[in-house]
Amino acid sequence: MADYQTVISGGTVVTGSDVARADIGINNGIIAAIGLNLKGESYIDADGLVVLPGGVDSHCHIEQLNDRGGSDEETWTTGSRSALAGGTTSCITFAAQFKGQGILGTMAEYRRRASKAMVDYSFHQIISDASDEVMFREVPQIVAQGVRSLKVFLTYENSYLDDHHFIRVLAAARRNGCLVTVHCENYEAINWRTRALLAAGMTEPKYHAWSRPVMIEREATHRAIALAEMVDVPIQVFHVSCAEVAEEVARAQHRGLKVWGETCPQYLTRTASDMDRPGFEGAKFMCSPAPRDEAAHAGQWEMIRRGTLDVVSSDHSGWSYDSVAGKRAGGPDASFRDIPNGMPGLGSRMAVLFSEGVSKGRIDLCQFARLTATNPAKLFGLTQKGSLAPGKDADIVLFDPAKKVTITNALMQHIIDYTPFEGMDVTGWPVLTMRRGEVAMKDGVVLAQPGSGQFLARGPYDMIKPLGRLPDGFDASAFEV
Ligand code: DUC
Ligand code: ZN
Ligand code: ZN
């Protein structure tokens, strides 16, 4: 008699702490058992395959609304297709606030759009206007809806917060039990350098990197950490680009602070010289912070090895190369300042990290599982996700560790017309993705139906509780006026 509806049999099962040849028994979308010789009504043969937790991409931009009344090119249908093709089963995307507006109405619109998702999902709430109404009345309401992370930009003309407003967001996060995620670059310094570069006629995509050198990322990271320490609230530093910045995170961790660091495959594989490709081609690699150089990649791998950087997300933010809705939004002769930032990466994140990390011997399988699934799930309170263990959702990806693939844009299955990883040879490829017990992708064919993804409401959780270490023991956030 069968004990399980589905058994994934004979694979190399990887958790955040162990690797074992075993079967996984699944009932009603939940992992029911990990053991030997499990009896199932149906079987998925995983002989020769690596069985990993489905990817959790805790930083991707999908159907994000912009201040011109439009939205990202990548839709929930195409974004989740790309995610599933690449082995990712859960995404945390962004709900953006525009200055002068609230956040409750827009959250409802984001929830409506995400109802087409095929992956499970949650949101980070971007705060661009820390008004009293939003800080004291609306944030508690979106937290009650299950959104537990606030996102802050320390640069970008229409979104950045000065120190005063950043502190107000940190305080609101402390009062409401949220994590704050921070884009750390110094707005004034970038502006100052950008104006000078444009005045000097240095306008091509490669000057994007010149406009935002390492120390402006390092300074903003240091400042974000210091202010978060003052308010006593946990933060995650987004998309760390190099070791000098990761060192700020490491110093904070050594002081016992709840500060975490994230990076992305582009900061492990792409360089500023990619932005110096002929013509407009460099625009494909423009993102912020800017990719650095090969020495920076080596430093980043070391920071991953040490555990300073413990999440690798995609920062998928796609802008088609040949589109006026995309990279060409600023016209044919746009300077770097007017070319949209970001690159697609949802579909490539797992394979690029597996190949560059596991196949090249820089990280082991358990580290891979932690970086791509276990750690982001824990940090963001996705309690059913990120781990292969009885009781967790059966979100599982089967990797063929020997499969050699040359990345092409068609394989990404996103809506964007390019991938920054075009032509990269990788060893290791996702061949089957299961989401809550259903085969959602097999051999590159996405089988999930639009609307089958579920909203992941996040409740309070210990990992993001404040430390209780306040300057002079005084909790200013409780008396804010
Ligand atoms: N930088 C961001 O901060 N967000 C999206 C893309 C990018 O390059
Ligand atoms: Zn960012
Ligand atoms: Zn981003």
# chains A, B, ... in the order shown; residues from 1 in each chain; ligands from 1

$ residues_around --residues "Ser313 of chain A" --least-positions-apart "3" --cutoff "6 Å" --atoms "only C-alpha atoms" --output "list in words"
Asp57, Ser58, His59 and Cys264 of chain A

$ write_last_selection --atoms "all heavy atoms" --output "PDB file, in the first residue's frame"
ATOM      1  N   ASP A  57      13.351  33.694  -4.140  1.00  0.00           N
ATOM      2  CA  ASP A  57      14.013  34.909  -4.636  1.00  0.00           C
ATOM      3  C   ASP A  57      13.408  36.089  -3.888  1.00  0.00           C
ATOM      4  O   ASP A  57      12.289  36.529  -4.193  1.00  0.00           O
ATOM      5  CB  ASP A  57      13.819  35.042  -6.149  1.00  0.00           C
ATOM      6  CG  ASP A  57      14.755  36.088  -6.739  1.00  0.00           C
ATOM      7  OD1 ASP A  57      15.229  36.965  -5.983  1.00  0.00           O
ATOM      8  OD2 ASP A  57      15.018  36.027  -7.962  1.00  0.00           O
ATOM      9  N   SER A  58      14.145  36.585  -2.903  1.00  0.00           N
ATOM     10  CA  SER A  58      13.569  37.587  -1.993  1.00  0.00           C
ATOM     11  C   SER A  58      13.757  39.019  -2.495  1.00  0.00           C
ATOM     12  O   SER A  58      13.513  39.964  -1.742  1.00  0.00           O
ATOM     13  CB  SER A  58      14.174  37.430  -0.593  1.00  0.00           C
ATOM     14  OG  SER A  58      15.585  37.425  -0.648  1.00  0.00           O
ATOM     15  N   HIS A  59      14.175  39.172  -3.747  1.00  0.00           N
ATOM     16  CA  HIS A  59      14.353  40.526  -4.281  1.00  0.00           C
ATOM     17  C   HIS A  59      14.152  40.485  -5.788  1.00  0.00           C
ATOM     18  O   HIS A  59      15.087  40.207  -6.541  1.00  0.00           O
ATOM     19  CB  HIS A  59      15.757  41.018  -3.928  1.00  0.00           C
ATOM     20  CG  HIS A  59      16.053  42.427  -4.370  1.00  0.00           C
ATOM     21  ND1 HIS A  59      17.151  43.128  -3.909  1.00  0.00           N
ATOM     22  CD2 HIS A  59      15.424  43.274  -5.229  1.00  0.00           C
ATOM     23  CE1 HIS A  59      17.181  44.325  -4.463  1.00  0.00           C
ATOM     24  NE2 HIS A  59      16.143  44.434  -5.281  1.00  0.00           N
ATOM     25  N   CYS A 264      23.900  39.404  -5.516  1.00  0.00           N
ATOM     26  CA  CYS A 264      23.187  38.875  -6.690  1.00  0.00           C
ATOM     27  C   CYS A 264      24.224  38.330  -7.679  1.00  0.00           C
ATOM     28  O   CYS A 264      25.387  38.763  -7.668  1.00  0.00           O
ATOM     29  CB  CYS A 264      22.400  39.985  -7.393  1.00  0.00           C
ATOM     30  SG  CYS A 264      21.532  41.112  -6.299  1.00  0.00           S
TER      31      CYS A 264
END

$ closest_atom_pairs --of "chain A" --to "ligand 1" --cutoff "10 Å" --atoms "only C-alpha atoms and all ligand atoms" --output "tab-separated table"
residue	atom	partner	partner_atom_place_in_ligand_line	distance
A:His59	CA	ligand 1	4 (N)	9.1
A:Cys60	CA	ligand 1	5 (C)	8.0
A:His61	CA	ligand 1	5 (C)	7.0
A:Val152	CA	ligand 1	3 (O)	9.8
A:Phe153	CA	ligand 1	3 (O)	7.5
A:Leu154	CA	ligand 1	3 (O)	9.6
A:Thr155	CA	ligand 1	3 (O)	8.5
A:Tyr156	CA	ligand 1	3 (O)	8.3
A:Val182	CA	ligand 1	3 (O)	9.2
A:His183	CA	ligand 1	3 (O)	6.1
A:Cys184	CA	ligand 1	3 (O)	8.8
A:Glu185	CA	ligand 1	3 (O)	9.3
A:Phe238	CA	ligand 1	3 (O)	8.3
A:His239	CA	ligand 1	3 (O)	8.1
A:Phe285	CA	ligand 1	8 (O)	9.0
A:Met286	CA	ligand 1	8 (O)	6.7
A:Cys287	CA	ligand 1	8 (O)	3.2
A:Ser288	CA	ligand 1	8 (O)	3.9
A:Pro289	CA	ligand 1	8 (O)	6.5
A:Ala290	CA	ligand 1	8 (O)	7.6
A:Pro291	CA	ligand 1	8 (O)	9.7
A:Ser314	CA	ligand 1	6 (C)	9.7
A:Asp315	CA	ligand 1	5 (C)	6.1
A:His316	CA	ligand 1	6 (C)	7.1
A:Ser317	CA	ligand 1	6 (C)	5.1
A:Gly318	CA	ligand 1	6 (C)	8.0
A:Trp319	CA	ligand 1	6 (C)	9.4
A:Pro340	CA	ligand 1	8 (O)	8.0
A:Asn341	CA	ligand 1	8 (O)	4.3
A:Gly342	CA	ligand 1	8 (O)	3.5
A:Met343	CA	ligand 1	6 (C)	6.6
A:Pro344	CA	ligand 1	6 (C)	8.9

$ closest_atom_pairs --of "segment 367-412 of chain A" --to "segment 434-452 of chain A" --cutoff "8 Å" --atoms "only C-alpha atoms" --output "tab-separated table"
residue	atom	partner	partner_atom	distance
A:Asp393	CA	A:Arg436	CA	5.3
A:Ala394	CA	A:Arg436	CA	4.5
A:Asp395	CA	A:Arg435	CA	4.5
A:Ile396	CA	A:Met434	CA	5.0
A:Val397	CA	A:Met434	CA	6.2
A:Leu411	CA	A:Gly444	CA	7.7

$ closest_residue --among "A:Asp129, A:Glu188, A:Asp18, A:Asp425" --to "Leu161 of chain A" --atoms "only C-alpha atoms"
A:Asp129

$ atom_distance --atom1 "atom CA of Arg68 of chain A" --atom2 "atom CA of Ala325 of chain A"
11.2 Å

$ residues_around --residues "Thr221 of chain A" --least-positions-apart "3" --cutoff "7 Å" --atoms "only C-alpha atoms" --output "CSV table (one decimal) with N, CA, C and O atoms, in the first residue's frame"
chain,number,residue,atom,x,y,z
A,184,CYS,N,21.6,50.9,-0.5
A,184,CYS,CA,22.6,51.8,0.1
A,184,CYS,C,23.5,52.4,-1.0
A,184,CYS,O,24.5,51.8,-1.4
A,217,GLU,N,28.7,53.7,-2.0
A,217,GLU,CA,27.9,52.5,-1.5
A,217,GLU,C,28.4,52.2,-0.1
A,217,GLU,O,27.5,51.9,0.8
A,218,ARG,N,29.7,52.2,0.1
A,218,ARG,CA,30.2,51.9,1.5
A,218,ARG,C,29.7,52.9,2.5
A,218,ARG,O,29.2,52.6,3.6
A,224,ALA,N,23.5,53.5,7.0
A,224,ALA,CA,22.2,52.8,7.2
A,224,ALA,C,22.4,51.9,8.5
A,224,ALA,O,21.4,51.8,9.3
A,225,ILE,N,23.5,51.3,8.6
A,225,ILE,CA,23.8,50.4,9.8
A,225,ILE,C,23.8,51.2,11.1
A,225,ILE,O,23.1,50.8,12.1
A,245,VAL,N,32.2,46.9,0.9
A,245,VAL,CA,30.8,47.2,1.4
A,245,VAL,C,30.4,46.0,2.4
A,245,VAL,O,29.9,46.3,3.5
A,248,GLU,N,31.5,46.4,5.9
A,248,GLU,CA,30.6,47.1,6.8
A,248,GLU,C,29.6,46.2,7.5
A,248,GLU,O,29.3,46.3,8.7

$ select_by_dssp --residues "segment 28-274 of chain A" --states "strand (DSSP E or B)" --output "PyMOL selection string"
chain A and resi 30-35+40-45+50-53+55-57+60+65+71+88-95+120-126+149-153+160+179-183+235-237+259-263

$ closest_residue --among "A:Leu346, A:Cys366, A:Ile62, A:Ala243" --to "Ala20 of chain A" --atoms "only C-alpha atoms"
A:Cys366

$ atom_distance --atom1 "atom CA of Val180 of chain A" --atom2 "atom CA of Lys258 of chain A"
10.8 Å

$ atom_distance --atom1 "atom CA of Leu150 of chain A" --atom2 "atom CA of Val134 of chain A"
11.8 Å

$ closest_residue --among "A:Lys99, A:Arg270, A:Arg112, A:Arg337" --to "Leu197 of chain A" --atoms "only C-alpha atoms"
A:Arg337

$ select_by_dssp --residues "segment 177-270 of chain A" --states "alpha helix (DSSP H)" --output "ChimeraX atom specification"
/A:187-199,207-211,214-231,243-254,266-269

$ residues_around --residues "Thr12 of chain A" --least-positions-apart "4" --cutoff "8 Å" --atoms "only C-alpha atoms" --output "list in words"
Val19, Ala20, Arg21, Ala22, Ala46, Asp47, Gly48, Leu49, Val50 and Val51 of chain A

$ residues_around --residues "Asp45 of chain A" --least-positions-apart "6" --cutoff "12 Å" --atoms "only C-alpha atoms" --output "PyMOL selection string"
chain A and resi 6-12+22-24+51+398+431-432

$ residues_around --residues "Arg277 of chain A" --least-positions-apart "5" --cutoff "9 Å" --atoms "only C-alpha atoms" --output "PyMOL selection string"
chain A and resi 205-206+282-283

$ residues_around --residues "Arg175 of chain A" --least-positions-apart "4" --cutoff "9 Å" --atoms "only C-alpha atoms" --output "VMD selection string"
chain A and resid 140 170 to 171 477 to 478
